[in-house]
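Asks: To start, I am sharing the structure in question, which I have written as structure tokens.
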Amino acid sequence: MRAFVAVGIVSLVSLSSLVIAQAALPAGDAELRPAPEHDTSSWPPFPDADGVPIDELPIAQAEAASEPPAPFELLGMRIAPGERVTLDLELSQSFTGGSVTTPVQVIRGDQPGPTLCLIAGIHGDEVVGIEVVRRVVEHLQPMGMSGTVVAMPVANPIGFRQLSRYLPDRRDLNRHFPGRSYGSSASRIAQRIFDGIIRQCELVVDFHSGSFHRANLPQVRADLDNPILHAMAGWLGVSVVVHGGGADGTLRRAASEVGIDALLYEAGEPMRFDEASVVTGVQAVLRLMRSMRMANLTDSAPPKSEFFRGSHWVRSDSGGIFLGQVELGTWVEQGQQVGTVTNPFTNERSAVRARETGRVIGRAVDQVVTPGYALFHVATVEDRPGVNDGPIAAEEAEPVESDERPE
Ligand SMILES: [Zn+2]
């Protein structure tokens, strides 16, 4: 594993100017329609510092430490407090035997605090998170910061180069964590990321977008039965939080199995930078860091999120031209018509109807579809067996098949 120090410059930009810059950003997903009246008594309590076992949070452990922070070690490098470096993580080799590497940026605060890892681009076509992490890292300064941020903006540079979700062997990197050093190509890359980076993190935010001509409402996915993740999800302040632990082989499932708290920020569609999704993500990370007392780069306290326990897909029952009638974020009622699929030759129209009342958190863009194509992803307050396909089982492709796309 090769590592080198690329940057060690401490900028003199003041924190106050960053607060102003953040306050000037647009509101992101703040324009959602309000939720209809419904019973919220079964919802988990809104998390805050009083509602979770605070002594279990990394911020409390860091505050309890009276010693100045020790150097942080990553990829064989010692990074001193107040230092900012870029390391190279070797992931694989090309056909010509050259190293395939990806940059890992480390901002080591001069005050003690948690280690927060920001990982994007596990799917190479999901570019929203790449831009979120880039902007966050651009804002951060080690002086005055508590704890450490480890940022990997492009975890899958092979897929990113081809704007592909997959690796060249058609494997999905996010089904191979924690990986094996003697396994498949995807498994070996996963192992390099997991052992080299993730195991050094206390908290992980993994960034994703919809797959294959589908867009996601900005949302957080987390195991809400974990009080720390519940708190983190609330601190991000994104309007929608959906419960789930992630499918086998996903980064966050593998991280949680070794005691590292990881959650997901999902927004937008693949291969498209949409500004609202990017801004919402940047604001969310800055709010999280503010709540964890790592850095005070935003004066925006987290707005209250809506928590959902389940979700399901509304699928097409016929082939033809799909035109949706409701946008992301809409609350739909059971039986409500949400789109049509029209036979291009007979003009026969089929109505697409909501199966249950809930909020649309993902939808296919208008396109040609075949029967069974997943059109709307609807989050529901309760997880109702037989209605939902279960709590979200995977980051964004399940229960949608990875290669499900129009023909
Ligand atoms: Zn993804």
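As shown in the structure tokens, the chain order sets the letters A, B, ...; within each chain, residues go from 1, and ligands are also counted from 1 in the order they appear.
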To check your reading of the model: which residues sit at most 12 Å from ligand 1 when counting only C-alpha atoms and all ligand atoms? Write the answer as a PDB file with N, CA and C atoms, in the first residue's frame.
Replies:
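That gives us result-v2.pdb:
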ATOM      1  N   ILE A 119     -17.671   8.673   2.646  1.00  0.00           N
ATOM      2  CA  ILE A 119     -17.329   7.777   1.533  1.00  0.00           C
ATOM      3  C   ILE A 119     -18.337   7.977   0.410  1.00  0.00           C
ATOM      4  N   ALA A 120     -17.874   8.305  -0.782  1.00  0.00           N
ATOM      5  CA  ALA A 120     -18.760   8.459  -1.935  1.00  0.00           C
ATOM      6  C   ALA A 120     -18.191   7.685  -3.115  1.00  0.00           C
ATOM      7  N   GLY A 121     -19.023   7.502  -4.118  1.00  0.00           N
ATOM      8  CA  GLY A 121     -18.556   6.903  -5.361  1.00  0.00           C
ATOM      9  C   GLY A 121     -18.267   5.426  -5.286  1.00  0.00           C
ATOM     10  N   ILE A 122     -18.867   4.710  -4.333  1.00  0.00           N
ATOM     11  CA  ILE A 122     -18.752   3.245  -4.357  1.00  0.00           C
ATOM     12  C   ILE A 122     -19.380   2.731  -5.654  1.00  0.00           C
ATOM     13  N   HIS A 123     -20.466   3.403  -6.062  1.00  0.00           N
ATOM     14  CA  HIS A 123     -21.026   3.188  -7.395  1.00  0.00           C
ATOM     15  C   HIS A 123     -20.546   4.341  -8.270  1.00  0.00           C
ATOM     16  N   GLY A 124     -19.802   4.011  -9.310  1.00  0.00           N
ATOM     17  CA  GLY A 124     -19.079   5.040 -10.045  1.00  0.00           C
ATOM     18  C   GLY A 124     -19.946   6.017 -10.803  1.00  0.00           C
ATOM     19  N   ASP A 125     -21.216   5.697 -11.000  1.00  0.00           N
ATOM     20  CA  ASP A 125     -22.108   6.603 -11.734  1.00  0.00           C
ATOM     21  C   ASP A 125     -22.904   7.505 -10.795  1.00  0.00           C
ATOM     22  N   GLU A 126     -22.708   7.371  -9.492  1.00  0.00           N
ATOM     23  CA  GLU A 126     -23.496   8.156  -8.530  1.00  0.00           C
ATOM     24  C   GLU A 126     -22.661   9.349  -8.089  1.00  0.00           C
ATOM     25  N   VAL A 127     -22.816  10.427  -8.837  1.00  0.00           N
ATOM     26  CA  VAL A 127     -21.874  11.537  -8.719  1.00  0.00           C
ATOM     27  C   VAL A 127     -22.292  12.595  -7.694  1.00  0.00           C
ATOM     28  N   VAL A 128     -23.543  12.566  -7.249  1.00  0.00           N
ATOM     29  CA  VAL A 128     -23.995  13.582  -6.282  1.00  0.00           C
ATOM     30  C   VAL A 128     -23.113  13.558  -5.040  1.00  0.00           C
ATOM     31  N   GLY A 129     -22.906  12.361  -4.484  1.00  0.00           N
ATOM     32  CA  GLY A 129     -22.121  12.241  -3.256  1.00  0.00           C
ATOM     33  C   GLY A 129     -20.675  12.658  -3.446  1.00  0.00           C
ATOM     34  N   ILE A 130     -20.160  12.418  -4.642  1.00  0.00           N
ATOM     35  CA  ILE A 130     -18.775  12.823  -4.920  1.00  0.00           C
ATOM     36  C   ILE A 130     -18.639  14.340  -4.763  1.00  0.00           C
ATOM     37  N   VAL A 154     -14.089   9.277  -4.140  1.00  0.00           N
ATOM     38  CA  VAL A 154     -14.318   8.325  -5.238  1.00  0.00           C
ATOM     39  C   VAL A 154     -13.782   6.968  -4.795  1.00  0.00           C
ATOM     40  N   ALA A 155     -14.634   6.214  -4.112  1.00  0.00           N
ATOM     41  CA  ALA A 155     -14.178   4.922  -3.596  1.00  0.00           C
ATOM     42  C   ALA A 155     -13.982   3.904  -4.708  1.00  0.00           C
ATOM     43  N   ASN A 156     -14.673   4.088  -5.829  1.00  0.00           N
ATOM     44  CA  ASN A 156     -14.564   3.149  -6.948  1.00  0.00           C
ATOM     45  C   ASN A 156     -14.122   3.911  -8.196  1.00  0.00           C
ATOM     46  N   GLY A 159     -15.065   2.328 -11.711  1.00  0.00           N
ATOM     47  CA  GLY A 159     -16.423   2.594 -12.164  1.00  0.00           C
ATOM     48  C   GLY A 159     -16.625   4.061 -12.515  1.00  0.00           C
ATOM     49  N   PHE A 160     -16.025   4.950 -11.740  1.00  0.00           N
ATOM     50  CA  PHE A 160     -16.178   6.387 -11.978  1.00  0.00           C
ATOM     51  C   PHE A 160     -15.622   6.775 -13.341  1.00  0.00           C
ATOM     52  N   SER A 164     -19.889   4.041 -14.475  1.00  0.00           N
ATOM     53  CA  SER A 164     -20.617   2.780 -14.342  1.00  0.00           C
ATOM     54  C   SER A 164     -20.847   2.466 -12.874  1.00  0.00           C
ATOM     55  N   ARG A 165     -22.006   1.912 -12.599  1.00  0.00           N
ATOM     56  CA  ARG A 165     -22.290   1.422 -11.259  1.00  0.00           C
ATOM     57  C   ARG A 165     -21.345   0.271 -10.898  1.00  0.00           C
ATOM     58  N   TYR A 166     -20.956  -0.484 -11.896  1.00  0.00           N
ATOM     59  CA  TYR A 166     -20.277  -1.749 -11.660  1.00  0.00           C
ATOM     60  C   TYR A 166     -18.775  -1.657 -11.874  1.00  0.00           C
ATOM     61  N   ASP A 172     -20.971  -5.690  -8.282  1.00  0.00           N
ATOM     62  CA  ASP A 172     -21.346  -4.482  -7.558  1.00  0.00           C
ATOM     63  C   ASP A 172     -20.473  -4.413  -6.309  1.00  0.00           C
ATOM     64  N   LEU A 173     -19.593  -3.421  -6.258  1.00  0.00           N
ATOM     65  CA  LEU A 173     -18.658  -3.317  -5.130  1.00  0.00           C
ATOM     66  C   LEU A 173     -19.400  -3.288  -3.802  1.00  0.00           C
ATOM     67  N   ASN A 174     -20.595  -2.695  -3.786  1.00  0.00           N
ATOM     68  CA  ASN A 174     -21.312  -2.558  -2.524  1.00  0.00           C
ATOM     69  C   ASN A 174     -22.101  -3.810  -2.131  1.00  0.00           C
ATOM     70  N   ARG A 175     -21.696  -4.939  -2.666  1.00  0.00           N
ATOM     71  CA  ARG A 175     -22.221  -6.218  -2.192  1.00  0.00           C
ATOM     72  C   ARG A 175     -21.072  -7.134  -1.753  1.00  0.00           C
ATOM     73  N   ASP A 206     -22.079   7.208   4.084  1.00  0.00           N
ATOM     74  CA  ASP A 206     -21.856   6.663   2.745  1.00  0.00           C
ATOM     75  C   ASP A 206     -22.879   7.324   1.810  1.00  0.00           C
ATOM     76  N   PHE A 207     -22.419   7.790   0.658  1.00  0.00           N
ATOM     77  CA  PHE A 207     -23.269   8.601  -0.223  1.00  0.00           C
ATOM     78  C   PHE A 207     -23.661   7.818  -1.474  1.00  0.00           C
ATOM     79  N   HIS A 208     -24.953   7.822  -1.775  1.00  0.00           N
ATOM     80  CA  HIS A 208     -25.458   7.101  -2.956  1.00  0.00           C
ATOM     81  C   HIS A 208     -26.537   7.910  -3.659  1.00  0.00           C
ATOM     82  N   SER A 209     -26.897   7.420  -4.866  1.00  0.00           N
ATOM     83  CA  SER A 209     -27.996   7.999  -5.642  1.00  0.00           C
ATOM     84  C   SER A 209     -28.838   6.863  -6.195  1.00  0.00           C
ATOM     85  N   GLY A 210     -29.975   7.211  -6.820  1.00  0.00           N
ATOM     86  CA  GLY A 210     -30.807   6.199  -7.462  1.00  0.00           C
ATOM     87  C   GLY A 210     -30.026   5.486  -8.557  1.00  0.00           C
ATOM     88  N   SER A 211     -30.566   4.342  -8.998  1.00  0.00           N
ATOM     89  CA  SER A 211     -29.869   3.576 -10.022  1.00  0.00           C
ATOM     90  C   SER A 211     -30.735   3.464 -11.267  1.00  0.00           C
ATOM     91  N   PHE A 212     -30.098   3.507 -12.427  1.00  0.00           N
ATOM     92  CA  PHE A 212     -30.753   3.202 -13.703  1.00  0.00           C
ATOM     93  C   PHE A 212     -32.023   4.011 -13.944  1.00  0.00           C
ATOM     94  N   ARG A 214     -33.545   6.210 -12.348  1.00  0.00           N
ATOM     95  CA  ARG A 214     -34.425   6.503 -11.220  1.00  0.00           C
ATOM     96  C   ARG A 214     -33.765   7.578 -10.359  1.00  0.00           C
ATOM     97  N   ALA A 215     -34.595   8.404  -9.756  1.00  0.00           N
ATOM     98  CA  ALA A 215     -34.082   9.481  -8.905  1.00  0.00           C
ATOM     99  C   ALA A 215     -34.606   9.296  -7.487  1.00  0.00           C
ATOM    100  N   ASN A 216     -33.802   9.660  -6.525  1.00  0.00           N
ATOM    101  CA  ASN A 216     -34.200   9.559  -5.122  1.00  0.00           C
ATOM    102  C   ASN A 216     -34.381  10.939  -4.508  1.00  0.00           C
ATOM    103  N   GLY A 246     -29.365  -2.319   5.740  1.00  0.00           N
ATOM    104  CA  GLY A 246     -28.518  -2.585   4.579  1.00  0.00           C
ATOM    105  C   GLY A 246     -28.401  -4.068   4.304  1.00  0.00           C
ATOM    106  N   THR A 250     -23.143  -4.850   1.930  1.00  0.00           N
ATOM    107  CA  THR A 250     -23.046  -3.396   1.815  1.00  0.00           C
ATOM    108  C   THR A 250     -22.046  -2.868   2.842  1.00  0.00           C
ATOM    109  N   LEU A 251     -21.506  -1.719   2.530  1.00  0.00           N
ATOM    110  CA  LEU A 251     -20.504  -1.129   3.418  1.00  0.00           C
ATOM    111  C   LEU A 251     -21.074  -0.910   4.804  1.00  0.00           C
ATOM    112  N   ARG A 252     -22.300  -0.372   4.865  1.00  0.00           N
ATOM    113  CA  ARG A 252     -22.789  -0.022   6.204  1.00  0.00           C
ATOM    114  C   ARG A 252     -23.157  -1.258   7.016  1.00  0.00           C
ATOM    115  N   LEU A 264     -26.476   6.087   5.528  1.00  0.00           N
ATOM    116  CA  LEU A 264     -26.448   6.421   4.115  1.00  0.00           C
ATOM    117  C   LEU A 264     -27.132   7.754   3.874  1.00  0.00           C
ATOM    118  N   TYR A 265     -26.538   8.564   2.976  1.00  0.00           N
ATOM    119  CA  TYR A 265     -27.263   9.691   2.402  1.00  0.00           C
ATOM    120  C   TYR A 265     -27.527   9.349   0.948  1.00  0.00           C
ATOM    121  N   GLU A 266     -28.799   9.347   0.573  1.00  0.00           N
ATOM    122  CA  GLU A 266     -29.254   8.998  -0.774  1.00  0.00           C
ATOM    123  C   GLU A 266     -29.871  10.223  -1.399  1.00  0.00           C
ATOM    124  N   ALA A 267     -29.493  10.557  -2.621  1.00  0.00           N
ATOM    125  CA  ALA A 267     -30.123  11.705  -3.268  1.00  0.00           C
ATOM    126  C   ALA A 267     -29.851  11.693  -4.764  1.00  0.00           C
ATOM    127  N   GLY A 268     -30.867  12.090  -5.522  1.00  0.00           N
ATOM    128  CA  GLY A 268     -30.693  12.333  -6.947  1.00  0.00           C
ATOM    129  C   GLY A 268     -30.642  11.072  -7.774  1.00  0.00           C
ATOM    130  N   GLU A 269     -30.243  11.249  -9.028  1.00  0.00           N
ATOM    131  CA  GLU A 269     -30.144  10.130  -9.953  1.00  0.00           C
ATOM    132  C   GLU A 269     -28.707   9.989 -10.428  1.00  0.00           C
ATOM    133  N   PRO A 270     -28.380   8.842 -11.014  1.00  0.00           N
ATOM    134  CA  PRO A 270     -26.997   8.650 -11.442  1.00  0.00           C
ATOM    135  C   PRO A 270     -26.621   9.596 -12.583  1.00  0.00           C
ATOM    136  N   MET A 271     -25.357   9.906 -12.665  1.00  0.00           N
ATOM    137  CA  MET A 271     -24.760  10.686 -13.747  1.00  0.00           C
ATOM    138  C   MET A 271     -25.345  12.088 -13.867  1.00  0.00           C
ATOM    139  N   ALA A 394     -31.499  -2.818   0.982  1.00  0.00           N
ATOM    140  CA  ALA A 394     -30.247  -2.516   0.304  1.00  0.00           C
ATOM    141  C   ALA A 394     -30.191  -1.035  -0.001  1.00  0.00           C
ATOM    142  N   GLU A 395     -29.069  -0.605  -0.471  1.00  0.00           N
ATOM    143  CA  GLU A 395     -28.839   0.826  -0.569  1.00  0.00           C
ATOM    144  C   GLU A 395     -29.784   1.482  -1.557  1.00  0.00           C
ATOM    145  N   GLU A 396     -29.878   1.043  -2.779  1.00  0.00           N
ATOM    146  CA  GLU A 396     -30.849   1.638  -3.664  1.00  0.00           C
ATOM    147  C   GLU A 396     -31.266   0.699  -4.763  1.00  0.00           C
ATOM    148  N   ALA A 397     -30.638  -0.445  -4.860  1.00  0.00           N
ATOM    149  CA  ALA A 397     -30.955  -1.335  -5.969  1.00  0.00           C
ATOM    150  C   ALA A 397     -31.872  -2.465  -5.547  1.00  0.00           C
ATOM    151  N   GLU A 398     -32.076  -2.659  -4.281  1.00  0.00           N
ATOM    152  CA  GLU A 398     -32.937  -3.737  -3.820  1.00  0.00           C
ATOM    153  C   GLU A 398     -34.201  -3.139  -3.239  1.00  0.00           C
ATOM    154  N   SER A 402     -30.372  -5.310  -9.869  1.00  0.00           N
ATOM    155  CA  SER A 402     -29.298  -4.427 -10.277  1.00  0.00           C
ATOM    156  C   SER A 402     -29.310  -4.153 -11.788  1.00  0.00           C
TER     157      SER A 402
END
Asks: Excluding Ser184 (chain A) and its own-chain neighbours fewer than 2 positions away, which residues fall within 12 Å of it when counting only C-alpha atoms? Please give them as a PyMOL selection string.
Replies: chain A and resi 92+167-173+175-177+179-182+186-191
Asks: Using C-alpha atoms, can you export the residues from the last selection as a PDB file, in the first residue's frame?
Replies:
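Listed below is the output, out.pdb:
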ATOM      1  CA  SER A  92      -6.015  -2.825  -7.547  1.00  0.00           C
ATOM      2  CA  LEU A 167     -16.733  -2.932 -11.793  1.00  0.00           C
ATOM      3  CA  PRO A 168     -15.449  -4.294 -15.132  1.00  0.00           C
ATOM      4  CA  ASP A 169     -16.401  -7.825 -14.064  1.00  0.00           C
ATOM      5  CA  ARG A 170     -20.039  -6.639 -13.623  1.00  0.00           C
ATOM      6  CA  ARG A 171     -19.804  -7.037  -9.881  1.00  0.00           C
ATOM      7  CA  ASP A 172     -21.346  -4.482  -7.558  1.00  0.00           C
ATOM      8  CA  LEU A 173     -18.658  -3.317  -5.130  1.00  0.00           C
ATOM      9  CA  ARG A 175     -22.221  -6.218  -2.192  1.00  0.00           C
ATOM     10  CA  HIS A 176     -18.704  -7.380  -1.314  1.00  0.00           C
ATOM     11  CA  PHE A 177     -17.814  -5.691   1.969  1.00  0.00           C
ATOM     12  CA  GLY A 179     -14.060  -8.164   1.324  1.00  0.00           C
ATOM     13  CA  ARG A 180     -11.344 -10.772   1.165  1.00  0.00           C
ATOM     14  CA  SER A 181      -7.725 -10.352   0.153  1.00  0.00           C
ATOM     15  CA  TYR A 182      -7.887 -13.637  -1.809  1.00  0.00           C
ATOM     16  CA  ALA A 186     -14.634  -6.654  -6.167  1.00  0.00           C
ATOM     17  CA  SER A 187     -13.920  -8.484  -2.925  1.00  0.00           C
ATOM     18  CA  ARG A 188     -10.237  -7.505  -2.993  1.00  0.00           C
ATOM     19  CA  ILE A 189     -11.064  -3.837  -3.628  1.00  0.00           C
ATOM     20  CA  ALA A 190     -13.653  -3.925  -0.854  1.00  0.00           C
ATOM     21  CA  GLN A 191     -11.063  -5.389   1.510  1.00  0.00           C
TER      22      GLN A 191
END
Asks: Would you work out the distance separating CA of Pro157 (chain A) from CA of Arg134 (chain A), expressed in Å to one decimal?
Replies: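 Those two atoms sit 14.7 Å apart.
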Asks: Looking only at the backbone, which of the residues in region 121-320 of chain A does DSSP tag as strand (DSSP E or B), as JSON, numbers by chain?
Replies: {"A": [146, 147, 148, 149, 150, 151, 152, 203, 204, 205, 206, 207, 208, 214, 215, 216, 217, 218, 219, 220, 221, 222, 240, 241, 242, 243, 261, 262, 263, 264, 265, 266, 267, 268, 306, 307, 308, 310, 311, 312, 313, 314, 315, 320]}
Asks: So which residues of region 190-407 of chain A fall under alpha helix (DSSP H) by DSSP, listed as number ranges by chain?
Replies: A: 190-196, 227-236, 251-257, 275-291
Asks: Do you know which residues are at most 10 Å from Glu333 (chain A) counting only C-alpha atoms, after dropping those on the same chain fewer than 5 positions away, and could you put them as a list in words?
Replies: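 The filter keeps Pro36, Val338, Arg353, Ala354, Arg355, Glu356, Thr357, Gly358 and Arg359 of chain A.
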Asks: When you look at Gln93 (chain A) with a cut-off of 12 Å (counting only C-alpha atoms), what residues show up, excluding the ones that are within fewer than 3 positions of it in the same chain? I need them as an MDAnalysis selection string.
Replies: chainID A and resid 1 89:90 96:102 157:158 185 188:189
Asks: Write the selection just made, keeping C-alpha atoms, as a PDB file, in the first residue's frame?
Replies:
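Wrote it out as selection02.pdb, contents follow:
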ATOM      1  CA  MET A   1       0.000   0.000   0.000  1.00  0.00           C
ATOM      2  CA  LEU A  89      -5.057   4.096  -1.320  1.00  0.00           C
ATOM      3  CA  GLU A  90      -4.013   1.358  -3.711  1.00  0.00           C
ATOM      4  CA  THR A  96      -0.557  -3.189 -17.573  1.00  0.00           C
ATOM      5  CA  GLY A  97       0.290  -3.833 -13.951  1.00  0.00           C
ATOM      6  CA  GLY A  98       0.135  -0.212 -12.877  1.00  0.00           C
ATOM      7  CA  SER A  99      -1.426   0.764  -9.580  1.00  0.00           C
ATOM      8  CA  VAL A 100      -5.085   1.725  -9.461  1.00  0.00           C
ATOM      9  CA  THR A 101      -5.329   4.173  -6.602  1.00  0.00           C
ATOM     10  CA  THR A 102      -7.809   6.650  -5.194  1.00  0.00           C
ATOM     11  CA  PRO A 157     -12.380   5.053  -9.433  1.00  0.00           C
ATOM     12  CA  ILE A 158     -12.658   2.225 -11.974  1.00  0.00           C
ATOM     13  CA  SER A 185     -11.759  -8.425  -7.957  1.00  0.00           C
ATOM     14  CA  ARG A 188     -10.237  -7.505  -2.993  1.00  0.00           C
ATOM     15  CA  ILE A 189     -11.064  -3.837  -3.628  1.00  0.00           C
TER      16      ILE A 189
END
Asks: Which neighbours of Asp223 (chain A) fall inside 8 Å, counting only C-alpha atoms, when residues of the same chain fewer than 4 positions from it are skipped, and could you give them as a CSV table (one decimal) with C-alpha atoms, in the first residue's frame?
Replies:
chain,number,residue,atom,x,y,z
A,229,LEU,CA,-27.4,6.1,14.3
A,230,HIS,CA,-30.8,7.3,15.3
A,243,HIS,CA,-35.2,2.6,8.7
A,244,GLY,CA,-33.0,-0.3,7.5
A,245,GLY,CA,-29.7,-2.0,8.1
A,263,LEU,CA,-25.5,5.4,7.6
Asks: As an exercise, work out the distance from CA of Thr346 (chain A) to CA of His213 (chain A) in Å and give it to one decimal place.
Replies: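 Atom-to-atom, CA of Thr346 (chain A) to CA of His213 (chain A), that is 25.5 Å.
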Asks: Quick one: everything within 8 Å of Val106 (chain A), counting only C-alpha atoms, minus sequence neighbours fewer than 4 positions away in the same chain. Send it as a PyMOL selection string.
Replies: chain A and resi 84-87+148-151
Asks: A:Ala222, A:Val137, A:Val368, A:Met294: which is nearest Thr342 (chain A), counting only C-alpha atoms?
Replies: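 Of the candidates, the smallest distance to Thr342 (chain A) is held by A:Val368.
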Asks: I'd like to know which of A:Val278, A:Val241, A:Leu116, A:Leu297 is closest to Thr380 (chain A), using only C-alpha atoms.
Replies: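 Going through A:Val278, A:Val241, A:Leu116, A:Leu297 one by one, the smallest distance to Thr380 (chain A) is for A:Val241.
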